[in-house]
Amino acid sequence: MKHIITSLVFMALVLSLRAQEVRYDYDEQCGCDIFFVDGIETTRDGDRYGFRREDGTVIAPNIYLYVGQFTDGYCKVYLEEDQVGLIDRDGRQVVPCIYHGVDFPSEGRVLVYKDGLFGFTDLDGNVVIPLQYLQAGAFQEGCAPVLVALDSGQRACTFIDTMGRQLFTPQYENLQPYSCGYAMIRQNHRWGLMDHAGRVALPMAYGMMTDLFADTLFFAGEETGMALFDARMKPLTPAVYTWTGGMQDGRIPVQRDGKYGFLDRYGREVIPCIYDAVSLFGLGRAMVSQGDRYGIVDTAGRTVLPMEYECHSAKAEMYVYRDSLALVQKDGKMFYVDLDGNVAIPLYFSDAYQFSEGLASVCYNGRWGYIDTHGDVFLPFVFDIASPYQWGRAEVYYNGEIRKVDKKGRCVKNCKGIIAWRDWTE
């Protein structure tokens, strides 16, 4: 689970771009040169990559040294190590490959980086805010945080609008992008909040603060403990919580005195802090554990699955629901339960993954196959290993070869000698 306490400078979002950019090298052993995202396939020719649609129509020739994956209709592509840009689903270079770093579009602007400076282009690649900032963050709620070099040789932060106009004179040591109508501001290592008019809504008096969530809830305090605040900037709880994880299904996971539980949006501890670990809620259910035993509770803290189950597998996220089923383990065997905690798929597997795209890879009698959410066998137990589905494809190891299978059970890579995957018998 993600720890949402924020104490990093706002440029972390930008500087992490380069760490997040994924290089998809061709590897014959894993067959990872081709993958699909929303009907677009990665292609390869030598050491260069491109894209085509699933019907074979080429949308980008194999000219790129590295490619990412499409996100909200855009993909990062590299002509060379230090020449990155963006293409859209038609293969058009929305941002030309002339930058050292590029972000995905946000509010009609694209954050770009070159020669140590940050700026913004529009969705046609035109520079609308010159590369002049020492650091910058993406636009949110009409504003972007930037770090400016002052004439005095000092540095300070301000916000700019989508045309590059400063909202106020640079003065803060740190800013976070706006969220839920407020921006986190820091001065002298203390955090507070600013509204869209530039007024300080919460004094800069806190050593630690979380991002805002669920409209206007947030935690603020010190390392020894934080309180939950509401939109009135008033604390709803004592400053006793040292970990939070956002809110799902109206419940906020928290840590107090080394144990975990859940608050509601009013700060009431509706599920007491008695657990050694918890998950976020999903479909009204959350994983809880005490010692080496695991169970599932609902949003009222009622037991859905008794705390008498195990978790010895490192392969799968367990006790959380995917496709309305949760993978659980007992007496060394894995199976699936429904939202009421009843056994939905009664076969007991020696290993398994969570459901993904309506299918799960499971191991039975030492061999892997796939089942659907009804427990019916989709692909028989003939594989040495089988991955979960992602973007309509899965990888299986069969007869010494890594092969790929689609959602219809057809082999789509390294298929020599294979007639019909779903008709295999062993």
# chains A, B, ... in the order shown; residues from 1 in each chain; ligands from 1
$ residues_around --residues "A:Asn188" --least-positions-apart "2" --cutoff "10 Å" --atoms "only C-alpha atoms" --output "PyMOL selection string"
chain A and resi 172-174+186+190-191+204-205+207
$ write_last_selection --atoms "C-alpha atoms" --output "compact mmCIF listing (two decimals), in the first residue's frame"
# COMPACT_ATOMS: atom_id res chain seq x y z
CA TYR A 172 8.01 29.57 -1.09
CA GLU A 173 10.63 26.86 -0.69
CA ASN A 174 8.24 24.17 -1.90
CA ARG A 186 6.17 24.93 2.59
CA ARG A 190 6.78 23.63 7.73
CA TRP A 191 3.70 22.76 5.63
CA MET A 204 2.47 26.60 7.72
CA ALA A 205 2.82 24.93 11.10
CA GLY A 207 6.19 19.08 9.80
$ select_by_dssp --residues "stretch 107-348 of chain A" --states "strand (DSSP E or B)" --output "PyMOL selection string"
chain A and resi 109-114+117-121+127-133+135-136+140+143-149+155-160+166+172+174-175+179+182-187+190-194+200-206+208-210+213+217-222+225-229+235+241+243-244+248+251-256+259-263+271-275+277-278+282+285-290+293-298+303-310+321-322+325-330+333-337+343-348
$ residues_around --residues "A:Glu41" --least-positions-apart "6" --cutoff "12 Å" --atoms "only C-alpha atoms" --output "ChimeraX atom specification"
/A:32-35,49-62,67-70,89,91,391-393
$ closest_residue --among "A:Phe219, A:Tyr133, A:Tyr78, A:Tyr348" --to "A:Trp243" --atoms "only C-alpha atoms"
A:Phe219
$ closest_residue --among "A:Val405, A:Val288, A:Ile87, A:Met247" --to "A:Leu263" --atoms "only C-alpha atoms"
A:Met247
$ residues_around --residues "A:Gln93" --least-positions-apart "4" --cutoff "10 Å" --atoms "only C-alpha atoms" --output "PyMOL selection string"
chain A and resi 60+74-77+85-89+97+123-125
$ closest_atom_pairs --of "stretch 240-282 of chain A" --to "stretch 294-298 of chain A" --cutoff "10 Å" --atoms "only C-alpha atoms" --output "tab-separated table"
residue	atom	partner	partner_atom	distance
A:Asp249	CA	A:Asp298	CA	9.9
A:Ile271	CA	A:Val297	CA	9.3
A:Tyr275	CA	A:Tyr294	CA	9.9
A:Asp276	CA	A:Tyr294	CA	9.9
A:Ala277	CA	A:Tyr294	CA	9.1
A:Val278	CA	A:Ile296	CA	9.3
A:Ser279	CA	A:Ile296	CA	9.6
A:Phe281	CA	A:Asp298	CA	8.3
A:Gly282	CA	A:Asp298	CA	9.5
$ write_last_selection --atoms "N, CA and C atoms" --output "short mmCIF file (atom, residue, chain, number, x, y, z; two decimals), in the first residue's frame"
data_model
loop_
_atom_site.label_atom_id
_atom_site.label_comp_id
_atom_site.auth_asym_id
_atom_site.auth_seq_id
_atom_site.Cartn_x
_atom_site.Cartn_y
_atom_site.Cartn_z
N ASP A 249 -14.11 3.31 -0.52
CA ASP A 249 -15.37 2.83 0.06
C ASP A 249 -15.68 3.52 1.39
N ILE A 271 -13.26 0.89 12.51
CA ILE A 271 -12.61 -0.42 12.64
C ILE A 271 -11.36 -0.19 13.47
N TYR A 275 -4.93 -4.48 14.03
CA TYR A 275 -4.39 -5.41 13.04
C TYR A 275 -2.92 -5.11 12.76
N ASP A 276 -2.20 -6.15 12.35
CA ASP A 276 -0.79 -6.00 11.98
C ASP A 276 -0.62 -5.51 10.55
N ALA A 277 -1.64 -5.70 9.71
CA ALA A 277 -1.61 -5.22 8.33
C ALA A 277 -3.04 -5.14 7.82
N VAL A 278 -3.29 -4.22 6.90
CA VAL A 278 -4.59 -4.09 6.24
C VAL A 278 -4.35 -3.69 4.80
N SER A 279 -5.35 -3.90 3.96
CA SER A 279 -5.32 -3.40 2.59
C SER A 279 -6.30 -2.24 2.47
N PHE A 281 -9.77 -0.73 1.02
CA PHE A 281 -11.04 -1.36 0.71
C PHE A 281 -11.27 -1.39 -0.80
N GLY A 282 -11.99 -2.40 -1.24
CA GLY A 282 -12.43 -2.53 -2.61
C GLY A 282 -13.66 -3.41 -2.63
#
$ residues_around --residues "A:Gln329" --least-positions-apart "6" --cutoff "7 Å" --atoms "only C-alpha atoms" --output "ChimeraX atom specification"
/A:309-311,335
$ write_last_selection --atoms "N, CA and C atoms" --output "PDB file, in the first residue's frame"
ATOM      1  N   TYR A 309      -6.643 -17.892   7.877  1.00  0.00           N
ATOM      2  CA  TYR A 309      -6.067 -18.241   6.589  1.00  0.00           C
ATOM      3  C   TYR A 309      -4.599 -17.818   6.529  1.00  0.00           C
ATOM      4  N   GLU A 310      -3.895 -18.316   5.487  1.00  0.00           N
ATOM      5  CA  GLU A 310      -2.456 -18.144   5.380  1.00  0.00           C
ATOM      6  C   GLU A 310      -2.105 -17.260   4.187  1.00  0.00           C
ATOM      7  N   CYS A 311      -0.840 -16.910   4.087  1.00  0.00           N
ATOM      8  CA  CYS A 311      -0.349 -16.179   2.923  1.00  0.00           C
ATOM      9  C   CYS A 311       1.127 -16.491   2.757  1.00  0.00           C
ATOM     10  N   PHE A 335      -7.418 -21.124  -3.200  1.00  0.00           N
ATOM     11  CA  PHE A 335      -8.725 -21.185  -3.857  1.00  0.00           C
ATOM     12  C   PHE A 335      -9.310 -19.780  -3.831  1.00  0.00           C
TER      13      PHE A 335
END
